[in-house]
>>> print(open('entry.txt').read())   # compact mmCIF, C-alpha atoms
# COMPACT_ATOMS: atom_id res chain seq x y z
CA MET A 1 -1.19 27.96 2.04
CA ASN A 2 0.21 30.14 4.80
CA ALA A 3 1.95 27.86 7.29
CA ASN A 4 1.28 30.32 10.09
CA SER A 5 -2.45 29.79 9.60
CA LEU A 6 -2.05 26.21 10.81
CA ILE A 7 0.26 26.87 13.73
CA ASN A 8 -2.47 26.07 16.27
CA LYS A 9 -3.55 22.84 14.58
CA LYS A 10 -2.52 19.49 16.04
CA ALA A 11 -2.32 16.20 14.17
CA VAL A 12 -1.53 12.69 15.37
CA VAL A 13 0.20 9.94 13.41
CA ILE A 14 -0.65 6.44 14.66
CA GLY A 15 2.12 4.15 13.40
CA ALA A 16 5.45 5.91 12.88
CA SER A 17 7.38 3.61 10.54
CA ALA A 18 9.73 5.00 7.88
CA ASP A 19 6.74 5.26 5.54
CA SER A 20 5.26 7.92 7.84
CA ILE A 21 8.21 10.32 7.62
CA TYR A 22 7.05 12.19 4.52
CA ALA A 23 3.58 12.80 5.96
CA ILE A 24 5.04 14.01 9.25
CA LYS A 25 7.51 16.38 7.58
CA THR A 26 4.85 17.70 5.22
CA ALA A 27 2.43 18.45 8.04
CA ARG A 28 5.16 20.19 10.06
CA ASP A 29 6.18 22.22 7.00
CA GLU A 30 2.56 23.33 6.74
CA GLY A 31 2.67 24.57 10.32
CA VAL A 32 0.86 21.65 11.97
CA PHE A 33 2.14 20.39 15.33
CA VAL A 34 2.58 16.63 14.91
CA TYR A 35 2.48 13.91 17.56
CA ALA A 36 3.71 10.49 16.38
CA ILE A 37 2.88 7.30 18.28
CA ASP A 38 4.46 3.88 17.84
CA GLY A 39 5.18 0.91 20.05
CA ALA A 40 8.74 0.53 18.72
CA PRO A 41 11.19 2.93 20.38
CA ASP A 42 13.32 2.96 17.22
CA ALA A 43 10.42 3.74 14.84
CA GLU A 44 11.91 6.28 12.44
CA GLY A 45 8.92 8.61 12.41
CA LEU A 46 9.09 9.27 16.14
CA LYS A 47 12.12 11.52 15.88
CA GLU A 48 10.67 13.42 12.91
CA ALA A 49 7.57 14.53 14.82
CA ASP A 50 7.32 17.51 17.14
CA GLU A 51 6.64 14.98 19.87
CA GLY A 52 7.24 11.23 19.61
CA ILE A 53 5.38 8.94 21.98
CA VAL A 54 6.34 5.28 22.48
CA TYR A 55 3.12 3.39 23.06
CA ASP A 56 1.50 0.20 21.80
CA ILE A 57 -0.85 1.35 19.02
CA SER A 58 -2.87 -1.86 19.30
CA ASP A 59 -3.95 -0.80 22.80
CA ILE A 60 -7.05 1.13 21.82
CA VAL A 61 -8.04 1.99 25.39
CA GLY A 62 -4.61 3.45 26.09
CA ILE A 63 -4.55 5.35 22.79
CA GLU A 64 -7.98 6.78 23.60
CA LYS A 65 -6.60 8.13 26.90
CA LEU A 66 -3.67 9.71 25.06
CA MET A 67 -6.04 11.36 22.59
CA LYS A 68 -8.00 12.94 25.44
CA LYS A 69 -4.78 14.59 26.62
CA ILE A 70 -3.62 15.64 23.15
CA ASN A 71 -7.04 16.70 21.81
CA PRO A 72 -5.94 16.57 18.14
CA ASP A 73 -7.65 18.37 15.29
CA PHE A 74 -7.21 15.36 13.00
CA ILE A 75 -5.41 12.05 12.53
CA LEU A 76 -2.84 12.21 9.74
CA VAL A 77 -3.24 8.94 7.89
CA VAL A 78 -0.05 7.14 6.80
CA PRO A 79 0.77 3.75 5.23
CA VAL A 80 -0.08 1.40 8.09
CA GLY A 81 -1.78 -1.99 7.85
CA LYS A 82 -3.56 -3.88 10.59
CA TYR A 83 -3.54 -1.02 13.12
CA LEU A 84 -5.36 1.31 10.77
CA TYR A 85 -8.32 0.24 12.89
CA THR A 86 -6.93 2.26 15.79
CA THR A 87 -6.98 5.42 13.66
CA ALA A 88 -10.54 4.70 12.55
CA TYR A 89 -11.67 4.02 16.11
CA ILE A 90 -10.25 7.33 17.34
CA ASN A 91 -11.88 9.23 14.48
CA GLN A 92 -15.25 7.74 15.33
CA LYS A 93 -14.86 8.09 19.10
CA PHE A 94 -13.89 11.77 18.99
CA GLY A 95 -15.99 12.81 15.98
CA LEU A 96 -12.98 13.65 13.84
CA LYS A 97 -13.04 13.78 10.06
CA GLY A 98 -11.56 10.70 8.44
CA ILE A 99 -12.31 7.01 8.04
CA LYS A 100 -14.46 5.46 10.77
CA LYS A 101 -14.02 2.08 12.45
CA ASP A 102 -17.29 0.64 11.15
CA PHE A 103 -15.90 0.88 7.61
CA THR A 104 -12.33 -0.16 8.37
CA GLU A 105 -12.80 -3.64 9.81
CA LEU A 106 -13.57 -5.07 6.37
CA SER A 107 -10.29 -3.73 4.98
CA ILE A 108 -8.26 -5.43 7.69
CA ASP A 109 -10.02 -8.80 7.85
CA LYS A 110 -9.51 -10.45 4.46
CA PHE A 111 -12.13 -13.14 5.07
CA GLU A 112 -14.87 -10.71 6.12
CA PHE A 113 -13.85 -8.55 3.15
CA HIS A 114 -14.36 -11.51 0.83
CA LYS A 115 -17.76 -12.33 2.30
CA PHE A 116 -18.90 -8.72 2.01
CA LEU A 117 -17.88 -8.36 -1.63
CA ASN A 118 -19.33 -11.74 -2.48
CA LYS A 119 -22.66 -10.84 -0.85
CA ASN A 120 -22.80 -7.55 -2.77
CA GLY A 121 -22.00 -9.08 -6.16
CA LEU A 122 -18.53 -7.55 -6.29
CA ARG A 123 -16.50 -10.78 -6.07
CA ASN A 124 -17.16 -14.24 -7.44
CA ILE A 125 -14.69 -16.83 -6.16
CA LYS A 126 -14.75 -19.53 -3.48
CA SER A 127 -12.92 -18.75 -0.25
CA TYR A 128 -12.66 -20.65 3.05
CA LEU A 129 -11.38 -19.78 6.49
CA LEU A 130 -8.67 -22.08 7.88
CA LYS A 131 -7.87 -22.46 11.55
CA PRO A 132 -4.68 -24.56 11.38
CA TYR A 133 -4.73 -25.47 15.04
CA ASP A 134 -8.12 -27.17 14.51
CA GLU A 135 -7.79 -30.66 12.97
CA SER A 136 -11.41 -30.49 11.85
CA MET A 137 -10.34 -27.91 9.27
CA LYS A 138 -8.29 -30.56 7.46
CA LYS A 139 -11.02 -31.69 5.10
CA PHE A 140 -12.04 -31.66 1.47
CA TYR A 141 -12.89 -28.22 0.11
CA ASP A 142 -14.99 -27.59 -2.99
CA ILE A 143 -12.50 -25.33 -4.71
CA ASP A 144 -11.04 -25.01 -8.17
CA PHE A 145 -7.27 -25.23 -8.44
CA PRO A 146 -4.90 -23.47 -8.58
CA ALA A 147 -5.53 -21.83 -5.22
CA ILE A 148 -3.65 -19.84 -2.61
CA ILE A 149 -3.38 -19.90 1.15
CA LYS A 150 -2.64 -16.57 2.81
CA PRO A 151 -2.91 -15.01 6.28
CA ARG A 152 -6.29 -13.61 7.25
CA TYR A 153 -4.64 -10.43 8.51
CA GLY A 154 -1.53 -8.53 7.49
CA SER A 155 0.22 -7.68 4.26
CA GLY A 156 3.62 -7.53 2.62
CA SER A 157 3.29 -10.83 0.69
CA ARG A 158 4.25 -12.83 3.78
CA ASP A 159 3.48 -16.54 4.33
CA ILE A 160 1.63 -17.10 1.05
CA PHE A 161 1.35 -20.61 -0.41
CA TYR A 162 0.44 -21.49 -4.00
CA ILE A 163 -1.52 -24.75 -4.22
CA GLU A 164 -2.28 -26.86 -7.30
CA THR A 165 -3.67 -30.10 -5.81
CA HIS A 166 -5.43 -31.37 -2.69
CA LYS A 167 -2.26 -33.28 -1.84
CA GLU A 168 -0.33 -30.00 -1.77
CA PHE A 169 -3.07 -28.48 0.37
CA TYR A 170 -2.72 -31.17 3.01
CA SER A 171 1.06 -30.72 3.01
CA VAL A 172 0.76 -26.96 3.52
CA PHE A 173 -1.91 -27.46 6.16
CA GLU A 174 0.58 -29.38 8.29
CA LYS A 175 2.98 -26.44 8.04
CA LEU A 176 0.28 -24.02 9.19
CA LYS A 177 0.18 -25.71 12.59
CA ASN A 178 3.30 -23.71 13.37
CA PHE A 179 1.39 -20.45 12.89
CA GLU A 180 -0.88 -19.13 15.61
CA GLU A 181 -3.21 -17.28 13.27
CA ASP A 182 -6.05 -17.83 10.83
CA PHE A 183 -5.47 -18.35 7.12
CA ILE A 184 -7.66 -18.12 4.03
CA PHE A 185 -7.87 -20.80 1.35
CA GLU A 186 -9.24 -19.42 -1.91
CA GLU A 187 -9.17 -19.77 -5.67
CA PHE A 188 -6.24 -18.18 -7.46
CA VAL A 189 -7.26 -15.45 -9.90
CA LYS A 190 -5.17 -15.17 -13.06
CA GLY A 191 -4.47 -11.89 -14.81
CA ASP A 192 -2.36 -8.74 -14.74
CA GLU A 193 -1.96 -6.97 -11.42
CA TYR A 194 -2.57 -3.27 -10.96
CA CYS A 195 -2.67 -0.81 -8.06
CA VAL A 196 -4.87 2.21 -7.51
CA ASP A 197 -4.13 5.39 -5.59
CA ALA A 198 -7.28 7.38 -4.92
CA ALA A 199 -9.22 9.55 -2.47
CA LYS A 200 -12.85 9.66 -1.44
CA ILE A 201 -13.88 13.07 -0.17
CA CYS A 202 -17.43 14.14 0.67
CA GLY A 203 -18.90 11.08 -1.05
CA LYS A 204 -16.94 11.37 -4.31
CA THR A 205 -14.20 8.93 -5.34
CA GLN A 206 -11.31 10.48 -7.26
CA ILE A 207 -8.84 8.16 -8.97
CA ILE A 208 -5.39 9.73 -8.84
CA LEU A 209 -3.18 7.06 -10.39
CA ILE A 210 -3.47 3.53 -11.75
CA ARG A 211 -0.21 1.64 -12.09
CA LYS A 212 0.75 -1.78 -13.37
CA ARG A 213 2.90 -3.94 -11.12
CA MET A 214 5.85 -6.14 -12.03
CA LEU A 215 6.02 -9.06 -9.60
CA THR A 216 8.25 -11.84 -8.39
CA ASP A 217 7.25 -15.39 -9.18
CA LEU A 218 4.58 -17.28 -7.27
CA PRO A 219 3.70 -17.63 -4.51
CA GLN A 220 4.75 -14.31 -2.97
CA ARG A 221 4.17 -12.08 -6.01
CA GLN A 222 6.05 -9.21 -4.37
CA ALA A 223 6.14 -6.00 -6.41
CA VAL A 224 9.55 -5.16 -7.85
CA ALA A 225 8.37 -2.27 -10.03
CA ASN A 226 5.34 -0.09 -10.83
CA ILE A 227 4.60 1.51 -14.19
CA SER A 228 2.04 4.30 -14.56
CA LEU A 229 -0.73 3.67 -17.07
CA GLY A 230 -0.63 5.94 -20.09
CA GLU A 231 -3.20 7.05 -22.64
CA THR A 232 -3.19 4.33 -25.29
CA GLU A 233 -6.62 2.95 -26.20
CA LYS A 234 -5.88 -0.29 -24.38
CA GLU A 235 -4.77 1.56 -21.26
CA LYS A 236 -7.84 3.80 -21.35
CA ILE A 237 -10.11 0.75 -21.46
CA ILE A 238 -8.30 -0.78 -18.47
CA LYS A 239 -8.51 2.52 -16.57
CA ASN A 240 -12.24 2.77 -17.19
CA ARG A 241 -12.87 -0.80 -16.06
CA ILE A 242 -10.81 -0.35 -12.91
CA THR A 243 -12.36 3.03 -12.09
CA ASP A 244 -15.88 1.66 -12.36
CA LYS A 245 -15.10 -1.25 -10.01
CA ILE A 246 -13.24 0.88 -7.46
CA VAL A 247 -16.07 3.41 -7.25
CA ARG A 248 -18.63 0.66 -6.68
CA VAL A 249 -16.53 -1.04 -4.01
CA CYS A 250 -15.78 2.23 -2.17
CA ASP A 251 -19.45 3.14 -2.17
CA ALA A 252 -20.50 -0.30 -0.95
CA MET A 253 -17.94 -0.25 1.86
CA GLY A 254 -18.96 3.18 3.08
CA TYR A 255 -15.57 4.82 2.63
CA ASP A 256 -15.39 8.60 2.95
CA ASP A 257 -12.97 11.35 3.96
CA CYS A 258 -9.97 9.11 3.29
CA LEU A 259 -7.09 8.27 1.01
CA ILE A 260 -7.32 4.88 -0.71
CA GLN A 261 -4.99 2.21 -2.03
CA SER A 262 -6.07 -1.00 -3.73
CA ASP A 263 -4.45 -4.05 -5.33
CA ILE A 264 -6.33 -5.46 -8.32
CA ILE A 265 -6.15 -8.28 -10.87
CA VAL A 266 -7.54 -7.60 -14.33
CA ASN A 267 -8.42 -10.31 -16.84
CA ASP A 268 -10.86 -10.58 -19.74
CA ASP A 269 -13.76 -11.45 -17.46
CA ASP A 270 -13.31 -9.44 -14.31
CA VAL A 271 -11.66 -6.67 -12.35
CA PHE A 272 -10.86 -8.57 -9.17
CA ILE A 273 -10.19 -6.57 -6.01
CA ILE A 274 -7.46 -8.36 -4.06
CA GLU A 275 -7.61 -5.83 -1.25
CA ILE A 276 -8.52 -2.21 -0.62
CA SER A 277 -7.65 0.01 2.30
CA PRO A 278 -8.42 3.60 3.40
CA ARG A 279 -4.81 4.73 3.54
CA PRO A 280 -2.05 5.78 1.13
CA SER A 281 0.36 3.31 -0.46
CA GLY A 282 3.81 2.92 1.05
CA HIS A 283 6.99 1.75 -0.68
CA TYR A 284 7.82 5.26 -1.99
CA ILE A 285 4.53 5.48 -3.89
CA TYR A 286 2.49 8.17 -2.09
CA ASP A 287 5.46 10.38 -1.34
CA LYS A 288 7.65 9.97 -4.44
CA PHE A 289 5.93 8.31 -7.40
CA VAL A 290 2.39 9.72 -7.27
CA PRO A 291 3.46 13.38 -6.92
CA PHE A 292 5.90 13.10 -9.84
CA VAL A 293 3.57 11.22 -12.17
CA THR A 294 0.35 13.15 -11.43
CA GLY A 295 1.28 16.44 -9.80
CA VAL A 296 -0.89 15.49 -6.81
CA ASP A 297 0.64 15.50 -3.35
CA MET A 298 -1.92 13.34 -1.57
CA THR A 299 -0.69 14.28 1.89
CA LYS A 300 -0.78 18.05 1.32
CA GLU A 301 -4.25 17.87 -0.21
CA TYR A 302 -5.47 15.71 2.67
CA ILE A 303 -4.14 18.26 5.18
CA ASN A 304 -5.87 21.05 3.22
CA TYR A 305 -9.12 19.12 3.40
CA MET A 306 -8.82 18.34 7.09
CA VAL A 307 -8.08 21.95 8.00
CA PHE A 308 -9.97 24.06 5.48
CA GLY A 309 -12.55 21.79 3.82
CA LYS A 310 -13.20 20.38 0.36
CA GLU A 311 -13.07 23.75 -1.42
CA HIS A 312 -9.38 23.98 -0.58
CA CYS A 313 -8.18 20.60 -1.88
CA SER A 314 -7.97 18.82 -5.19
CA PHE A 315 -7.03 15.21 -5.83
CA ALA A 316 -7.60 15.39 -9.59
CA PRO A 317 -4.35 14.64 -11.47
CA ALA A 318 -2.91 17.63 -13.32
CA TYR A 319 -1.31 15.21 -15.80
CA THR A 320 -0.18 11.59 -15.98
CA LYS A 321 3.44 11.03 -16.92
CA LYS A 322 4.70 7.68 -18.15
CA ALA A 323 7.27 6.42 -15.68
CA ILE A 324 8.54 3.40 -13.77
CA ILE A 325 9.54 3.13 -10.13
CA LYS A 326 11.91 0.21 -9.82
CA TYR A 327 13.24 -1.51 -6.70
CA PHE A 328 16.57 -3.29 -6.50
CA ASP A 329 15.37 -6.88 -6.87
CA PHE A 330 18.77 -8.59 -6.79
CA GLU A 331 18.47 -12.16 -5.49
CA ASN A 332 21.21 -14.30 -3.98
CA LYS A 333 23.86 -11.90 -5.18
CA LYS A 334 26.78 -10.11 -3.55
CA ILE A 335 27.19 -6.50 -4.65
CA PHE A 336 30.79 -5.37 -5.05
CA TYR A 337 30.27 -2.18 -7.08
CA ILE A 338 27.47 0.42 -6.96
CA PRO A 339 27.12 3.06 -9.70
CA ASN A 340 26.32 6.67 -8.80
CA LYS A 341 23.44 8.71 -10.22
CA GLU A 342 25.58 10.41 -12.88
CA GLU A 343 26.92 7.08 -14.16
CA VAL A 344 23.43 5.64 -14.32
CA GLN A 345 22.08 8.60 -16.29
CA SER A 346 24.95 8.43 -18.77
CA ASN A 347 24.15 4.79 -19.52
CA ILE A 348 20.41 5.08 -20.20
CA LYS A 349 18.41 6.95 -22.86
CA TYR A 350 15.50 8.04 -20.68
CA ARG A 351 15.61 10.62 -17.87
CA LEU A 352 16.54 9.36 -14.41
CA VAL A 353 14.10 11.30 -12.26
CA ASP A 354 15.06 10.03 -8.82
CA TRP A 355 17.84 7.83 -7.44
CA ASN A 356 17.87 6.47 -3.90
CA CYS A 357 20.17 3.47 -3.57
CA CYS A 358 20.58 2.28 0.03
CA ILE A 359 22.75 -0.75 -0.79
CA ASN A 360 26.27 -0.90 0.57
CA GLU A 361 29.22 -2.36 -1.26
CA ASN A 362 30.03 -5.97 -0.34
CA SER A 363 26.42 -6.53 0.76
CA TYR A 364 24.73 -9.85 0.04
CA MET A 365 21.25 -9.60 -1.46
CA ASN A 366 18.99 -12.43 -0.31
CA LYS A 367 15.96 -13.76 -2.16
CA VAL A 368 13.05 -11.31 -2.42
CA THR A 369 10.17 -12.84 -0.47
CA ASN A 370 8.17 -9.87 0.83
CA GLY A 371 8.20 -6.09 1.12
CA HIS A 372 10.57 -6.10 4.06
CA SER A 373 13.18 -8.04 2.07
CA ILE A 374 13.42 -5.45 -0.71
CA MET A 375 12.17 -1.99 0.31
CA GLY A 376 15.15 -1.17 2.49
CA ARG A 377 17.36 -1.30 -0.60
CA GLY A 378 15.87 1.85 -2.11
CA TYR A 379 14.41 2.69 -5.52
CA PHE A 380 14.83 4.72 -8.70
CA ILE A 381 12.37 6.41 -11.06
CA ILE A 382 12.75 6.70 -14.83
CA GLU A 383 10.48 8.77 -17.06
CA GLY A 384 9.92 7.44 -20.57
CA GLN A 385 7.43 6.53 -23.28
CA GLU A 386 6.60 2.84 -23.50
CA ASP A 387 6.35 0.03 -20.95
CA GLU A 388 8.79 -2.22 -22.75
CA LYS A 389 11.43 0.47 -23.08
CA LEU A 390 11.03 1.53 -19.46
CA ILE A 391 11.48 -2.07 -18.36
CA SER A 392 14.53 -2.41 -20.61
CA GLU A 393 16.09 0.79 -19.27
CA ALA A 394 15.48 -0.31 -15.68
CA ALA A 395 17.18 -3.62 -16.40
CA LYS A 396 20.11 -1.74 -17.87
CA VAL A 397 20.44 0.19 -14.59
CA LEU A 398 20.62 -3.01 -12.58
CA SER A 399 23.24 -4.40 -14.95
CA LEU A 400 25.60 -1.59 -13.90
CA PHE A 401 25.92 -3.20 -10.48
CA CYS A 402 28.45 -5.98 -10.14
>>> encode(input="entry.txt", output="structure tokens")
Amino acid sequence: MNANSLINKKAVVIGASADSIYAIKTARDEGVFVYAIDGAPDAEGLKEADEGIVYDISDIVGIEKLMKKINPDFILVVPVGKYLYTTAYINQKFGLKGIKKDFTELSIDKFEFHKFLNKNGLRNIKSYLLKPYDESMKKFYDIDFPAIIKPRYGSGSRDIFYIETHKEFYSVFEKLKNFEEDFIFEEFVKGDEYCVDAAKICGKTQIILIRKRMLTDLPQRQAVANISLGETEKEKIIKNRITDKIVRVCDAMGYDDCLIQSDIIVNDDDVFIIEISPRPSGHYIYDKFVPFVTGVDMTKEYINYMVFGKEHCSFAPAYTKKAIIKYFDFENKKIFYIPNKEEVQSNIKYRLVDWNCCINENSYMNKVTNGHSIMGRGYFIIEGQEDEKLISEAAKVLSLFC
């Protein structure tokens, strides 16, 4: 693509956290003038844009006024959670390509999402809405244990409770009185957890990457590593099952002209969609892991589509490499020594593809409870052959710290 051909195009990023930086830089490299908007003056993406604007992105009326002044050609979607609705609203209001608000509300509201999937035969568990500040909600629920209680909105594995008895439920309910938000009480689904990176363009869903997640213990289940699925017969079967379910859910929800991320649990009986959202995955996935493993730069292809149309983009993976992206999941540990990239490579058998350690010597690593508690530490990527060996090599890397 000739960058000069895009010099008159304007894009807006709504939500300029660190996860937005790659998308902003990529668009600018392609010749797009980028405005970034965030309510936090220190949001890292603001200074990477051609123009950073400090403004509350939850204020839809105010954002609409800003858009009238900017008159963007498209909204550049980035990893953002609850306020993805603002992006969708602007797309719909101004007739821009991209996800629309009517199809985004379900992705943000976990309870409405559950009801929609349940109604359409795409989910089969019991789920109840809890309003902790309402004593009438403290009652008997017809639910099979174990169960979980989680916030109705938001992400990052925050404020999740694992419940095994009604007695535990009542105990947790008392704690919820300290939260001024709704929660969901639903059956816990057992199985292996996977994530999907995909795109739906002009009515067609394209799976880019399916990865298996390594998680912390209950209740948070925060990801500490992702491993790309390979081409063994077992992995092919899992891929096919997941692909079929994702396509059906995306079609039912009316997604189109968007990037997609989804968290999934797979067991012998079901492919259970935990959540799905019309945006790329953060945590170094869309910008680092997906391009290396598949050869697909989701952001570049999305820009191509927004500017030139579907004939000028491709989200089909060129290949699928076997690799692991591992985060530094030290818990309750003080780090006195940090190895460099060369030392790490000399101590492992597989190729160290990427190394980004943000830990300082003499830092104390607290317990991993959510994304915020671990992602600032950095990551590394190892390319290899088998899951078990990749996990072993990653553990060997962590053992070099002391």
>>> residues_around(input="entry.txt", residues="A:Lys115", least_positions_apart="2", cutoff="12 Å", atoms="only C-alpha atoms", output="list in words")
Leu106, Ser107, Asp109, Lys110, Phe111, Glu112, Phe113, Leu117, Asn118, Lys119, Asn120, Gly121, Leu122, Arg123, Asn124, Ile125, Lys126, Ser127, Tyr128, Leu129, Ile184 and Glu186 of chain A
>>> closest_residue(input="entry.txt", among="A:Phe33, A:Ile75, A:Val266, A:Val249", to="A:Arg279", atoms="all atoms listed in the file")
A:Ile75
>>> atom_distance(input="entry.txt", atom1="atom CA of A:Cys402", atom2="atom CA of A:Phe330")
10.6 Å
>>> closest_residue(input="entry.txt", among="A:Tyr284, A:Phe315, A:Tyr305, A:Phe179", to="A:Trp355", atoms="all atoms listed in the file")
A:Tyr284
>>> closest_atom_pairs(input="entry.txt", of="stretch 235-341 of chain A", to="stretch 13-25 of chain A", cutoff="8 Å", atoms="all atoms listed in the file", output="JSON lines")
{"residue": "A:Gly282", "atom": "CA", "partner": "A:Asp19", "partner_atom": "CA", "distance": 5.8}
{"residue": "A:His283", "atom": "CA", "partner": "A:Asp19", "partner_atom": "CA", "distance": 7.1}
{"residue": "A:Tyr284", "atom": "CA", "partner": "A:Asp19", "partner_atom": "CA", "distance": 7.6}
{"residue": "A:Asp287", "atom": "CA", "partner": "A:Tyr22", "partner_atom": "CA", "distance": 6.3}
{"residue": "A:Thr299", "atom": "CA", "partner": "A:Ala23", "partner_atom": "CA", "distance": 6.1}
>>> atom_distance(input="entry.txt", atom1="atom CA of A:Asp197", atom2="atom CA of A:Met298")
9.2 Å
>>> atom_distance(input="entry.txt", atom1="atom CA of A:Arg213", atom2="atom CA of A:Asp182")
27.5 Å
>>> residues_around(input="entry.txt", residues="stretch 46-56 of chain A", least_positions_apart="5", cutoff="6 Å", atoms="only C-alpha atoms", output="list in words")
Ala16, Val34, Tyr35, Ala36, Ile37, Asp38, Gly39 and Pro41 of chain A
>>> closest_residue(input="entry.txt", among="A:Asp217, A:Glu301, A:Glu386, A:Asp270", to="A:Lys367", atoms="all atoms listed in the file")
A:Asp217
>>> residues_around(input="entry.txt", residues="A:Pro291", least_positions_apart="4", cutoff="10 Å", atoms="only C-alpha atoms", output="MDAnalysis selection string")
chainID A and resid 208:209 285:287 295:299 317:318 320
>>> axis_aligned_box(input="entry.txt", around="stretch 346-361 of chain A", padding_each_side="4 Å", output="AutoDock Vina command-line options")
--center_x 21.7 --center_y 4.5 --center_z -11.1 --size_x 23.1 --size_y 21.7 --size_z 31.4
>>> decode(input="entry.txt", residues="stretch 306-325 of chain A", atoms="N, CA and C atoms", output="PDB file, in the first residue's frame")
ATOM      1  N   MET A 306     -11.254  -0.703   5.524  1.00  0.00           N
ATOM      2  CA  MET A 306     -11.954   0.552   5.763  1.00  0.00           C
ATOM      3  C   MET A 306     -11.712   1.570   4.653  1.00  0.00           C
ATOM      4  N   VAL A 307     -10.506   1.560   4.092  1.00  0.00           N
ATOM      5  CA  VAL A 307     -10.152   2.566   3.096  1.00  0.00           C
ATOM      6  C   VAL A 307     -10.458   2.117   1.673  1.00  0.00           C
ATOM      7  N   PHE A 308     -10.117   0.861   1.354  1.00  0.00           N
ATOM      8  CA  PHE A 308     -10.196   0.418  -0.034  1.00  0.00           C
ATOM      9  C   PHE A 308     -11.287  -0.615  -0.324  1.00  0.00           C
ATOM     10  N   GLY A 309     -11.808  -1.289   0.724  1.00  0.00           N
ATOM     11  CA  GLY A 309     -12.839  -2.292   0.496  1.00  0.00           C
ATOM     12  C   GLY A 309     -12.325  -3.709   0.626  1.00  0.00           C
ATOM     13  N   LYS A 310     -13.248  -4.664   0.559  1.00  0.00           N
ATOM     14  CA  LYS A 310     -12.929  -6.063   0.865  1.00  0.00           C
ATOM     15  C   LYS A 310     -11.947  -6.697  -0.114  1.00  0.00           C
ATOM     16  N   GLU A 311     -11.861  -6.177  -1.340  1.00  0.00           N
ATOM     17  CA  GLU A 311     -10.943  -6.766  -2.322  1.00  0.00           C
ATOM     18  C   GLU A 311      -9.486  -6.507  -1.948  1.00  0.00           C
ATOM     19  N   HIS A 312      -9.262  -5.592  -1.035  1.00  0.00           N
ATOM     20  CA  HIS A 312      -7.901  -5.185  -0.694  1.00  0.00           C
ATOM     21  C   HIS A 312      -7.476  -5.634   0.704  1.00  0.00           C
ATOM     22  N   CYS A 313      -8.201  -6.593   1.275  1.00  0.00           N
ATOM     23  CA  CYS A 313      -7.813  -7.116   2.596  1.00  0.00           C
ATOM     24  C   CYS A 313      -7.974  -8.623   2.625  1.00  0.00           C
ATOM     25  N   SER A 314      -7.221  -9.245   3.493  1.00  0.00           N
ATOM     26  CA  SER A 314      -7.344 -10.691   3.692  1.00  0.00           C
ATOM     27  C   SER A 314      -7.021 -11.037   5.144  1.00  0.00           C
ATOM     28  N   PHE A 315      -7.959 -11.691   5.797  1.00  0.00           N
ATOM     29  CA  PHE A 315      -7.767 -12.116   7.180  1.00  0.00           C
ATOM     30  C   PHE A 315      -7.491 -13.614   7.275  1.00  0.00           C
ATOM     31  N   ALA A 316      -7.351 -14.277   6.133  1.00  0.00           N
ATOM     32  CA  ALA A 316      -7.065 -15.709   6.134  1.00  0.00           C
ATOM     33  C   ALA A 316      -5.613 -15.944   6.540  1.00  0.00           C
ATOM     34  N   PRO A 317      -5.358 -16.808   7.533  1.00  0.00           N
ATOM     35  CA  PRO A 317      -3.978 -17.047   7.969  1.00  0.00           C
ATOM     36  C   PRO A 317      -3.127 -17.649   6.862  1.00  0.00           C
ATOM     37  N   ALA A 318      -1.920 -17.129   6.700  1.00  0.00           N
ATOM     38  CA  ALA A 318      -0.989 -17.668   5.707  1.00  0.00           C
ATOM     39  C   ALA A 318      -0.400 -18.993   6.188  1.00  0.00           C
ATOM     40  N   TYR A 319      -0.344 -19.165   7.503  1.00  0.00           N
ATOM     41  CA  TYR A 319       0.185 -20.357   8.144  1.00  0.00           C
ATOM     42  C   TYR A 319      -0.241 -20.290   9.604  1.00  0.00           C
ATOM     43  N   THR A 320       0.015 -21.350  10.342  1.00  0.00           N
ATOM     44  CA  THR A 320      -0.216 -21.323  11.788  1.00  0.00           C
ATOM     45  C   THR A 320       0.973 -21.966  12.474  1.00  0.00           C
ATOM     46  N   LYS A 321       1.816 -21.140  13.074  1.00  0.00           N
ATOM     47  CA  LYS A 321       2.982 -21.646  13.782  1.00  0.00           C
ATOM     48  C   LYS A 321       2.592 -22.086  15.193  1.00  0.00           C
ATOM     49  N   LYS A 322       3.315 -23.050  15.698  1.00  0.00           N
ATOM     50  CA  LYS A 322       3.111 -23.495  17.078  1.00  0.00           C
ATOM     51  C   LYS A 322       3.982 -22.633  17.981  1.00  0.00           C
ATOM     52  N   ALA A 323       3.347 -21.935  18.911  1.00  0.00           N
ATOM     53  CA  ALA A 323       4.103 -21.025  19.768  1.00  0.00           C
ATOM     54  C   ALA A 323       3.332 -20.758  21.053  1.00  0.00           C
ATOM     55  N   ILE A 324       4.046 -20.226  22.022  1.00  0.00           N
ATOM     56  CA  ILE A 324       3.439 -19.830  23.297  1.00  0.00           C
ATOM     57  C   ILE A 324       3.799 -18.376  23.570  1.00  0.00           C
ATOM     58  N   ILE A 325       2.825 -17.608  24.037  1.00  0.00           N
ATOM     59  CA  ILE A 325       3.107 -16.290  24.595  1.00  0.00           C
ATOM     60  C   ILE A 325       2.890 -16.415  26.094  1.00  0.00           C
TER      61      ILE A 325
END
